[in-house]
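*Asks:* Sharing my_file08.cif, mmCIF, C-alpha atoms and all ligand atoms:
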```cif
data_target
loop_
_atom_site.label_atom_id
_atom_site.label_comp_id
_atom_site.auth_asym_id
_atom_site.auth_seq_id
_atom_site.Cartn_x
_atom_site.Cartn_y
_atom_site.Cartn_z
CA MET A 1 -11.97 9.14 7.16
CA ALA A 2 -8.76 9.65 5.25
CA GLN A 3 -10.10 9.74 1.71
CA ASN A 4 -6.82 9.97 -0.14
CA GLU A 5 -5.11 6.82 1.06
CA GLU A 6 -4.54 4.16 -1.54
CA VAL A 7 -7.68 2.13 -2.14
CA ILE A 8 -6.81 -1.51 -2.91
CA LEU A 9 -10.35 -2.79 -3.29
CA GLN A 10 -13.36 -0.61 -4.06
CA LEU A 11 -16.88 -2.03 -3.90
CA ASN A 12 -19.60 -0.07 -5.70
CA GLU A 13 -23.30 -0.96 -5.56
CA VAL A 14 -22.53 -4.59 -4.85
CA ARG A 15 -25.50 -6.93 -4.68
CA ALA A 16 -25.65 -10.62 -3.86
CA HIS A 17 -29.12 -12.07 -4.26
CA PHE A 18 -30.31 -15.63 -3.79
CA ARG A 19 -33.24 -17.06 -5.70
CA VAL A 20 -34.98 -19.20 -3.04
CA LYS A 21 -38.42 -20.77 -3.14
CA GLU A 22 -39.92 -17.97 -0.99
CA GLY A 23 -38.68 -15.32 -3.46
CA LEU A 24 -35.59 -13.21 -4.02
CA LEU A 25 -33.42 -13.02 -0.90
CA LYS A 26 -31.39 -9.81 -1.02
CA ALA A 27 -28.54 -10.79 1.30
CA VAL A 28 -26.34 -7.91 0.11
CA ASP A 29 -28.15 -5.05 -1.52
CA GLY A 30 -26.11 -2.25 -3.02
CA ILE A 31 -23.13 -1.75 -0.73
CA GLY A 32 -20.18 0.54 -1.34
CA LEU A 33 -16.93 0.06 0.61
CA ALA A 34 -13.35 1.25 0.23
CA ILE A 35 -10.61 -1.07 1.46
CA ARG A 36 -7.38 0.87 1.88
CA ARG A 37 -3.76 -0.17 2.08
CA ARG A 38 -2.51 -0.94 5.61
CA ARG A 39 -5.93 -0.21 7.05
CA THR A 40 -8.59 -2.31 8.71
CA LEU A 41 -12.18 -1.92 7.65
CA GLY A 42 -14.48 -3.38 10.28
CA ILE A 43 -17.86 -4.69 9.17
CA VAL A 44 -20.31 -5.07 12.04
CA GLY A 45 -23.95 -6.05 12.44
CA GLU A 46 -26.11 -8.73 13.96
CA SER A 47 -26.38 -12.23 12.61
CA GLY A 48 -28.08 -12.26 9.21
CA CYS A 49 -27.11 -8.72 8.18
CA GLY A 50 -25.06 -9.90 5.20
CA LYS A 51 -21.52 -9.74 6.54
CA SER A 52 -20.44 -13.22 5.52
CA VAL A 53 -22.20 -13.05 2.17
CA THR A 54 -20.20 -9.86 1.51
CA SER A 55 -16.92 -11.68 2.11
CA GLN A 56 -18.02 -14.66 0.02
CA ALA A 57 -19.09 -12.29 -2.77
CA ILE A 58 -15.64 -10.65 -2.78
CA LEU A 59 -14.01 -14.07 -3.11
CA ARG A 60 -16.70 -15.25 -5.56
CA LEU A 61 -17.40 -18.22 -3.33
CA LEU A 62 -21.18 -17.98 -3.38
CA PRO A 63 -23.25 -20.89 -4.67
CA ALA A 64 -24.17 -20.92 -8.35
CA PHE A 65 -27.80 -19.89 -7.65
CA ALA A 66 -26.59 -16.55 -6.23
CA THR A 67 -26.31 -13.55 -8.53
CA VAL A 68 -23.56 -11.03 -7.88
CA SER A 69 -23.66 -7.58 -9.48
CA GLY A 70 -22.02 -4.19 -9.08
CA GLU A 71 -18.32 -3.45 -9.18
CA MET A 72 -15.50 -4.90 -7.08
CA LEU A 73 -12.40 -3.15 -8.33
CA LEU A 74 -9.14 -4.73 -7.21
CA ARG A 75 -5.88 -2.90 -7.76
CA ARG A 76 -3.08 -5.35 -8.49
CA THR A 77 0.28 -5.71 -10.15
CA ARG A 78 0.57 -8.07 -13.10
CA ASN A 79 3.83 -8.57 -15.00
CA GLY A 80 5.24 -5.49 -13.31
CA ARG A 81 2.30 -3.29 -14.34
CA ASP A 82 -0.41 -1.83 -12.11
CA GLU A 83 -3.91 -2.65 -13.24
CA ILE A 84 -7.46 -2.67 -11.96
CA VAL A 85 -9.58 -5.79 -12.34
CA ASP A 86 -13.32 -6.01 -11.65
CA ILE A 87 -13.78 -9.19 -9.61
CA ALA A 88 -17.55 -9.03 -10.15
CA LYS A 89 -16.98 -9.65 -13.87
CA LEU A 90 -14.69 -12.66 -13.47
CA ASP A 91 -15.71 -16.28 -13.84
CA PRO A 92 -15.87 -17.60 -10.24
CA ASN A 93 -14.22 -20.85 -11.36
CA GLY A 94 -11.83 -19.31 -13.86
CA GLU A 95 -8.06 -19.18 -13.59
CA ASP A 96 -7.96 -15.46 -12.80
CA MET A 97 -10.33 -15.77 -9.85
CA ARG A 98 -8.54 -18.86 -8.56
CA SER A 99 -5.26 -16.97 -8.53
CA ILE A 100 -6.84 -13.96 -6.76
CA ARG A 101 -8.30 -16.27 -4.10
CA GLY A 102 -5.43 -17.01 -1.75
CA GLY A 103 -3.19 -14.78 -3.86
CA GLU A 104 -4.25 -11.10 -3.73
CA ILE A 105 -7.16 -11.82 -1.36
CA ALA A 106 -7.08 -14.39 1.44
CA ILE A 107 -9.62 -15.29 4.09
CA ILE A 108 -9.55 -16.63 7.62
CA PHE A 109 -12.70 -17.60 9.43
CA GLN A 110 -14.10 -18.92 12.66
CA GLU A 111 -13.62 -22.60 12.05
CA PRO A 112 -10.07 -23.48 10.93
CA MET A 113 -11.04 -27.11 10.35
CA LYS A 114 -12.95 -25.84 7.31
CA ALA A 115 -9.76 -24.39 5.85
CA PHE A 116 -7.76 -27.61 6.19
CA SER A 117 -8.21 -31.06 4.81
CA PRO A 118 -8.09 -33.58 7.67
CA ILE A 119 -6.06 -36.08 5.64
CA HIS A 120 -3.02 -33.95 4.81
CA THR A 121 -0.41 -32.48 7.12
CA ILE A 122 -0.42 -28.80 7.96
CA GLY A 123 2.95 -28.49 6.18
CA ASP A 124 1.75 -30.07 2.94
CA GLN A 125 -1.26 -27.77 2.83
CA ILE A 126 0.62 -24.56 3.55
CA ILE A 127 3.39 -25.51 1.10
CA GLU A 128 0.77 -26.32 -1.55
CA ALA A 129 -0.76 -22.85 -1.09
CA ILE A 130 2.66 -21.25 -1.51
CA VAL A 131 3.45 -23.34 -4.61
CA LEU A 132 0.13 -22.28 -6.10
CA HIS A 133 0.61 -18.56 -5.50
CA GLN A 134 4.27 -17.74 -5.06
CA THR A 135 6.96 -20.14 -6.16
CA GLN A 136 7.14 -23.47 -7.95
CA ASP A 137 10.26 -24.41 -5.98
CA ARG A 138 9.09 -26.73 -3.18
CA LYS A 139 12.26 -26.23 -1.12
CA GLU A 140 11.76 -22.49 -1.19
CA ALA A 141 8.05 -23.02 -0.42
CA LYS A 142 8.98 -25.05 2.65
CA ARG A 143 11.33 -22.30 3.80
CA ILE A 144 8.53 -19.70 3.41
CA ALA A 145 6.09 -22.02 5.24
CA LEU A 146 8.47 -22.35 8.20
CA GLU A 147 9.14 -18.63 8.26
CA THR A 148 5.41 -17.87 8.17
CA LEU A 149 4.63 -20.36 10.94
CA ARG A 150 7.31 -18.67 13.03
CA LYS A 151 5.85 -15.26 12.21
CA VAL A 152 2.40 -16.30 13.45
CA GLY A 153 3.91 -17.48 16.73
CA MET A 154 3.61 -21.21 16.18
CA SER A 155 5.65 -23.20 18.67
CA ASN A 156 7.97 -25.87 17.16
CA PRO A 157 7.23 -24.99 13.54
CA GLU A 158 9.39 -27.84 12.14
CA GLN A 159 7.39 -30.39 14.06
CA ARG A 160 4.07 -28.73 13.21
CA LEU A 161 4.72 -29.11 9.52
CA ASN A 162 4.37 -32.87 9.91
CA GLU A 163 1.23 -32.76 12.05
CA TYR A 164 -2.38 -33.15 11.00
CA PRO A 165 -4.98 -30.45 11.79
CA HIS A 166 -6.65 -32.51 14.53
CA GLN A 167 -3.35 -32.74 16.41
CA LEU A 168 -3.25 -28.98 17.04
CA SER A 169 -5.05 -27.04 19.76
CA GLY A 170 -7.77 -24.58 18.70
CA GLY A 171 -5.44 -21.57 19.05
CA MET A 172 -2.62 -23.28 17.12
CA ARG A 173 -5.02 -24.32 14.35
CA GLN A 174 -6.15 -20.72 14.07
CA ARG A 175 -2.51 -19.65 13.75
CA ALA A 176 -1.92 -22.33 11.12
CA MET A 177 -4.91 -21.06 9.13
CA ILE A 178 -3.60 -17.50 9.36
CA ALA A 179 -0.17 -18.76 8.24
CA MET A 180 -1.74 -20.46 5.22
CA ALA A 181 -3.69 -17.29 4.39
CA VAL A 182 -0.75 -14.91 4.69
CA ALA A 183 1.88 -17.22 3.16
CA GLY A 184 0.73 -16.01 -0.26
CA ASN A 185 1.42 -12.43 0.87
CA PRO A 186 -2.13 -11.19 0.16
CA ALA A 187 -2.93 -7.54 -0.42
CA VAL A 188 -6.26 -8.03 1.34
CA LEU A 189 -6.93 -10.31 4.30
CA ILE A 190 -10.58 -10.95 5.10
CA ALA A 191 -11.09 -12.07 8.70
CA ASP A 192 -14.64 -13.35 9.18
CA GLU A 193 -15.36 -13.74 12.91
CA PRO A 194 -11.88 -15.28 13.30
CA THR A 195 -11.83 -15.24 17.10
CA THR A 196 -15.43 -15.91 18.10
CA ALA A 197 -14.74 -19.53 19.04
CA LEU A 198 -11.53 -18.80 20.96
CA ASP A 199 -10.99 -18.11 24.63
CA VAL A 200 -10.19 -14.53 25.59
CA THR A 201 -6.40 -14.94 25.87
CA VAL A 202 -6.01 -16.69 22.53
CA GLN A 203 -8.44 -14.18 20.99
CA ALA A 204 -6.20 -11.32 22.12
CA GLN A 205 -3.12 -13.06 20.64
CA VAL A 206 -4.81 -13.62 17.28
CA LEU A 207 -6.00 -10.02 17.11
CA ARG A 208 -2.50 -8.79 17.90
CA LEU A 209 -1.11 -11.06 15.22
CA ILE A 210 -3.48 -9.68 12.57
CA ASN A 211 -2.49 -6.14 13.55
CA GLU A 212 1.22 -6.99 13.31
CA LEU A 213 0.75 -8.50 9.86
CA LYS A 214 -1.07 -5.37 8.75
CA GLU A 215 1.72 -3.12 10.01
CA ASP A 216 4.62 -5.28 8.79
CA SER A 217 3.29 -6.21 5.36
CA GLY A 218 0.98 -3.29 4.57
CA THR A 219 -1.92 -5.72 4.24
CA SER A 220 -5.44 -4.35 4.09
CA VAL A 221 -7.75 -6.12 6.51
CA VAL A 222 -11.51 -6.56 6.32
CA PHE A 223 -12.56 -7.56 9.80
CA ILE A 224 -16.05 -9.00 10.11
CA THR A 225 -17.65 -9.41 13.52
CA HIS A 226 -20.83 -8.91 15.53
CA ASP A 227 -18.67 -7.65 18.41
CA LEU A 228 -18.26 -3.88 18.66
CA GLY A 229 -15.57 -4.31 21.34
CA VAL A 230 -13.36 -6.09 18.80
CA ILE A 231 -14.26 -3.50 16.16
CA ALA A 232 -13.01 -0.73 18.47
CA GLU A 233 -9.73 -2.55 18.98
CA MET A 234 -9.09 -3.50 15.37
CA SER A 235 -10.63 -1.04 12.93
CA ASP A 236 -9.59 2.19 11.31
CA GLU A 237 -12.93 2.52 9.55
CA VAL A 238 -16.23 0.83 10.22
CA ALA A 239 -19.24 -0.11 8.12
CA VAL A 240 -22.38 -1.03 10.04
CA MET A 241 -24.60 -3.37 8.06
CA TYR A 242 -28.29 -4.03 8.41
CA LEU A 243 -30.41 -6.15 6.06
CA GLY A 244 -27.80 -6.24 3.34
CA LYS A 245 -27.17 -2.49 3.36
CA VAL A 246 -24.51 -0.27 4.87
CA VAL A 247 -26.45 1.92 7.31
CA GLU A 248 -23.51 3.81 8.79
CA TYR A 249 -19.94 4.26 7.57
CA ALA A 250 -17.29 6.27 9.39
CA ASP A 251 -13.84 6.23 10.91
CA VAL A 252 -13.72 4.31 14.16
CA ASP A 253 -13.68 7.35 16.49
CA THR A 254 -16.63 8.98 14.75
CA LEU A 255 -18.56 5.75 14.93
CA PHE A 256 -18.05 5.35 18.66
CA TYR A 257 -18.45 9.02 19.64
CA GLU A 258 -20.89 10.36 17.08
CA ALA A 259 -22.98 7.38 16.00
CA ALA A 260 -25.97 8.80 14.17
CA HIS A 261 -27.98 5.80 12.99
CA PRO A 262 -30.44 4.45 15.58
CA TYR A 263 -29.26 0.91 14.74
CA THR A 264 -25.62 1.79 15.51
CA GLN A 265 -26.73 3.56 18.67
CA ALA A 266 -28.66 0.45 19.73
CA LEU A 267 -25.63 -1.76 18.99
CA LEU A 268 -23.44 0.54 21.08
CA ALA A 269 -25.93 0.46 23.93
CA SER A 270 -25.83 -3.32 23.89
CA ILE A 271 -22.03 -3.77 24.13
CA PRO A 272 -21.58 -6.54 26.66
CA SER A 273 -19.14 -6.06 29.52
CA LEU A 274 -15.57 -7.07 28.72
CA ALA A 275 -16.00 -10.28 30.69
CA GLY A 276 -18.98 -11.40 28.66
CA ARG A 277 -17.73 -10.48 25.24
CA GLN A 278 -18.62 -13.78 23.65
CA GLU A 279 -22.32 -13.11 24.12
CA ARG A 280 -24.48 -12.34 21.13
CA LEU A 281 -26.02 -8.89 20.91
CA GLU A 282 -29.48 -9.50 22.22
CA THR A 283 -30.66 -6.32 23.77
CA ILE A 284 -32.09 -4.85 20.58
CA GLU A 285 -35.68 -5.90 20.52
CA GLY A 286 -36.70 -8.30 17.76
CA THR A 287 -34.48 -10.05 15.25
CA VAL A 288 -33.17 -9.32 11.79
CA PRO A 289 -35.93 -10.35 9.34
CA PHE A 290 -35.22 -12.38 6.22
CA PRO A 291 -34.45 -9.95 3.42
CA ILE A 292 -37.25 -11.19 1.17
CA ASP A 293 -40.16 -8.96 0.01
CA LEU A 294 -39.22 -6.23 2.47
CA PRO A 295 -41.67 -3.35 2.93
CA GLU A 296 -40.87 0.12 1.60
CA GLY A 297 -38.65 2.46 3.62
CA CYS A 298 -36.00 1.87 6.25
CA GLY A 299 -35.23 -1.80 7.01
CA PHE A 300 -34.83 -1.00 10.72
CA TYR A 301 -38.26 0.70 10.92
CA ASN A 302 -40.02 -2.07 12.90
CA ARG A 303 -37.33 -2.21 15.58
CA CYS A 304 -36.32 1.45 15.70
CA PRO A 305 -37.13 3.40 18.88
CA LYS A 306 -37.13 6.67 16.89
CA ALA A 307 -39.22 5.48 13.93
CA ARG A 308 -41.60 8.09 12.53
CA PRO A 309 -44.58 6.58 10.68
CA GLY A 310 -45.15 8.17 7.33
CA VAL A 311 -41.54 9.43 7.23
CA CYS A 312 -39.32 6.39 7.73
CA ASN A 313 -41.50 3.81 5.98
CA ARG A 314 -41.70 5.68 2.68
CA GLY A 315 -39.50 5.15 -0.36
CA GLU A 316 -35.87 4.14 -0.52
CA VAL A 317 -33.66 5.67 2.20
CA PRO A 318 -30.46 7.09 0.66
CA LEU A 319 -27.07 7.22 2.33
CA TYR A 320 -26.56 10.78 3.61
CA GLU A 321 -23.21 12.39 4.25
CA VAL A 322 -23.38 14.08 7.65
CA LYS A 323 -19.76 15.21 7.48
CA PRO A 324 -16.94 14.27 5.12
CA GLY A 325 -16.44 10.53 5.38
CA HIS A 326 -19.38 9.94 7.74
CA GLN A 327 -22.37 8.43 5.99
CA VAL A 328 -25.71 7.49 7.50
CA ARG A 329 -28.75 5.83 5.96
CA CYS A 330 -31.45 7.52 8.05
CA VAL A 331 -33.95 10.22 7.07
CA LEU A 332 -33.95 11.62 10.62
CA VAL A 333 -30.32 12.67 10.35
CA GLU A 334 -29.39 16.30 9.58
CA PRO A 335 -27.84 17.86 7.57
CA GLN A 336 -29.05 15.80 4.67
CA ARG A 337 -26.83 15.64 1.68
CA GLU A 338 -26.86 12.50 -0.38
CA ALA A 339 -23.49 10.71 -0.44
CA ASN A 340 -22.34 9.97 -3.97
N1 LIG B 1 -26.41 -19.95 0.64
C1 LIG B 1 -27.45 -19.19 1.00
N2 LIG B 1 -28.67 -19.37 0.45
C2 LIG B 1 -29.71 -18.58 0.82
N3 LIG B 1 -29.65 -17.60 1.72
C3 LIG B 1 -28.46 -17.38 2.30
C4 LIG B 1 -27.30 -18.15 1.99
N4 LIG B 1 -26.26 -17.68 2.73
C5 LIG B 1 -26.76 -16.69 3.48
N5 LIG B 1 -28.08 -16.49 3.23
C6 LIG B 1 -28.95 -15.46 3.83
O1 LIG B 1 -28.35 -14.21 3.58
C7 LIG B 1 -28.57 -13.32 4.69
C8 LIG B 1 -27.24 -12.78 5.15
O2 LIG B 1 -26.48 -13.85 5.73
P1 LIG B 1 -24.98 -13.70 6.27
O3 LIG B 1 -24.48 -15.07 6.57
O4 LIG B 1 -24.19 -12.87 5.34
O5 LIG B 1 -25.19 -12.90 7.60
P2 LIG B 1 -24.09 -12.52 8.67
O6 LIG B 1 -24.29 -11.07 8.95
O7 LIG B 1 -22.75 -12.94 8.23
O8 LIG B 1 -24.52 -13.38 9.91
P3 LIG B 1 -23.64 -14.35 10.86
O9 LIG B 1 -22.95 -13.43 11.82
O10 LIG B 1 -24.67 -15.22 11.51
O11 LIG B 1 -22.71 -15.11 9.95
C9 LIG B 1 -29.33 -14.11 5.73
O12 LIG B 1 -30.70 -13.80 5.64
C10 LIG B 1 -29.05 -15.56 5.35
O13 LIG B 1 -30.12 -16.39 5.74
#
```
What would you get if you wrote out this structure as structure tokens?
*Replies:*
Amino acid sequence: MAQNEEVILQLNEVRAHFRVKEGLLKAVDGIGLAIRRRRTLGIVGESGCGKSVTSQAILRLLPAFATVSGEMLLRRTRNGRDEIVDIAKLDPNGEDMRSIRGGEIAIIFQEPMKAFSPIHTIGDQIIEAIVLHQTQDRKEAKRIALETLRKVGMSNPEQRLNEYPHQLSGGMRQRAMIAMAVAGNPAVLIADEPTTALDVTVQAQVLRLINELKEDSGTSVVFITHDLGVIAEMSDEVAVMYLGKVVEYADVDTLFYEAAHPYTQALLASIPSLAGRQERLETIEGTVPFPIDLPEGCGFYNRCPKARPGVCNRGEVPLYEVKPGHQVRCVLVEPQREAN
């Protein structure tokens, strides 16, 4: 992993816990991630591992009963000066956070209907986003909206501006959502399962589009998916999550050729054929438990084919550095040097 490239967003020991009636649900439990300029960080894991809660924590979109702690250090430019702001310390409803959301950090997700209001035109909504984050001049905002719609490959952008979300096809809606997200020229684009609901051709187009935006604008991308095939295509670096923790973290080649955590190895062994990519990963026995009152030791212990009783189910498992930039949370991995 190239350690020296410019880090735009650094997460340190980030936790997002929910107080629910069964106890404390530790959806995200002490993760550290570096999001670098013009790079894609893939976050992968089965359903329930904490991927979406991570993205909602970064945007401070979690419900009020969630507690977020740790550091989320965003590098930004304000009034011509570079500064670092800790998102974890900001008021989720305050002005600063509202300007970061959709400004420095934007998100696209699986269901574009959630991003749009059904009662306003696509144009009004994209222009509104631009007015909020870039320019007060509505004429200029309209020009940027049209240019962005063109950039995302929208056919007939002038006409689209006057259409309502339900009038667009699934693929076009996804493009419109991406246009709205990138119109504010974000430093970080979070893509949370953005192509899961799309057919394979449209999926390929959307992935290509995200890659082009990254290259052209220097955007950092956080790409969240359960699909390792997409991770291979999109990511420069990969974090594998399990039960709210990062269990393996490496550059994409290392992850695919030298996976060291038994969970990553099991995920790799369960990659569906290209034709069946939409399938969920189901070949790992058992399911992800709820992260409430978890037993001591490794979270994957009960499902791990290599589990050693008395070794793996004792104490907290640290993240070990197996080589520079390759970190693994498994006591069976050698050499064992704790990552700092
Ligand atoms: N609002 C909430 N209140 C309580 N628990 C929640 C809430 N949102 C998520 N969780 C729990 O947090 C854990 C992590 O969920 P998360 O949605 O981040 O998983 P995920 O890896 O994104 O899965 P998926 O791929 O299904 O979206 C799960 O156990 C989930 O049940």
*Asks:* Neighbours of ligand LIG 1 (chain B) within 9 Å, counting only C-alpha atoms and all ligand atoms, as a PyMOL selection string?
*Replies:* chain A and resi 16-20+25-28+44-56+62-63+65-66+192-193+224-226+241-244+288-292
*Asks:* Restricting the calculation to all atoms listed in the file, which member of A:Thr219, A:Ile271, A:Asn302, A:Cys312 is positioned closest to A:Glu285?
*Replies:* A:Asn302
*Asks:* Counting only C-alpha atoms, which of A:Pro295, A:Gly310, A:Gly229, A:Gly286 gets nearest to A:Leu268?
*Replies:* A:Gly229
*Asks:* Which of these residues is nearest to A:Glu104, using all atoms listed in the file: A:Gly184, A:Val247, A:Thr196, A:Leu228?
*Replies:*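 Residue with the minimum atom-to-atom distance to A:Glu104: A:Gly184.
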*Asks:* Determine, counting all atoms listed in the file, which protein, DNA and RNA residues have an atom within 9 Å of an atom of stretch 141-153 of chain A; residues of the same chain fewer than 4 positions away are not included. Present the result as a PyMOL selection string.
*Replies:* chain A and resi 123-124+126-131+134-137+157-158+160-161+172+175-176+178-180+182-183+206+209-210+213
*Asks:* Find the residue from A:Thr40, A:Asn313, A:Ser270, A:Gln205 that sits nearest to A:Asp227; use all atoms listed in the file when measuring.
*Replies:*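 Using all atoms listed in the file, A:Asp227 sits closest to A:Ser270.
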*Asks:* Can you tell me how far atom CA of A:Asp251 sits from atom CA of A:Tyr301, in Å to one decimal?
*Replies:*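 For atom CA of A:Asp251 relative to atom CA of A:Tyr301, the distance reads 25.0 Å.
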*Asks:* For A:Val188, find every residue with an atom within 6 Å (counting only C-alpha atoms), except residues of its own chain fewer than 3 positions away, and show them as an MDAnalysis selection string.
*Replies:* chainID A and resid 105 219:221
*Asks:* Can you spit out the residues from that selection as a short mmCIF file (atom, residue, chain, number, x, y, z; two decimals), in the coordinates of the input, using C-alpha atoms?
*Replies:*
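Below is the file that was written, result08.cif:
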```cif
data_model
loop_
_atom_site.label_atom_id
_atom_site.label_comp_id
_atom_site.auth_asym_id
_atom_site.auth_seq_id
_atom_site.Cartn_x
_atom_site.Cartn_y
_atom_site.Cartn_z
CA ILE A 105 -7.16 -11.82 -1.36
CA THR A 219 -1.92 -5.72 4.24
CA SER A 220 -5.44 -4.35 4.09
CA VAL A 221 -7.75 -6.12 6.51
#
```
*Asks:* Find the distance between atom CA of A:Gln10 and atom CA of A:Glu258 and write it in Å to one decimal.
*Replies:*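 Answer for the atom CA of A:Gln10 to atom CA of A:Glu258 separation: 25.0 Å.
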*Asks:* Show me, as a PyMOL selection string, the residues that have an atom within 12 Å of stretch 57-60 of chain A when counting all atoms listed in the file, minus same-chain residues fewer than 3 positions from it.
*Replies:* chain A and resi 9-12+14-18+27-29+31+33+35+50-54+63-64+66-74+86-94+96-108+188-190+222
*Asks:* So what do you get for atom CA of A:Pro165 versus atom CA of A:Gln110, distance-wise?
*Replies:*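 The value is 14.7 Å.
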*Asks:* Here is a test: counting only C-alpha atoms, which residue of A:His166, A:Arg138, A:His326, A:Arg76 is nearest to A:Val246?
*Replies:* A:His326
*Asks:* Let me make sure I understand: among A:His261, A:Lys306, A:Arg78, A:Arg173, which one has the smallest atom-to-atom distance to A:Tyr320 if we use all atoms listed in the file?
*Replies:*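 Ranking A:His261, A:Lys306, A:Arg78, A:Arg173 by distance to A:Tyr320, first place goes to A:His261.
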*Asks:* Could you tell me, as a ChimeraX atom specification, which residues have any atom at most 7 Å from (-6.2, 1.1, 4.3), counting only C-alpha atoms?
*Replies:* /A:5-7,35-40,220
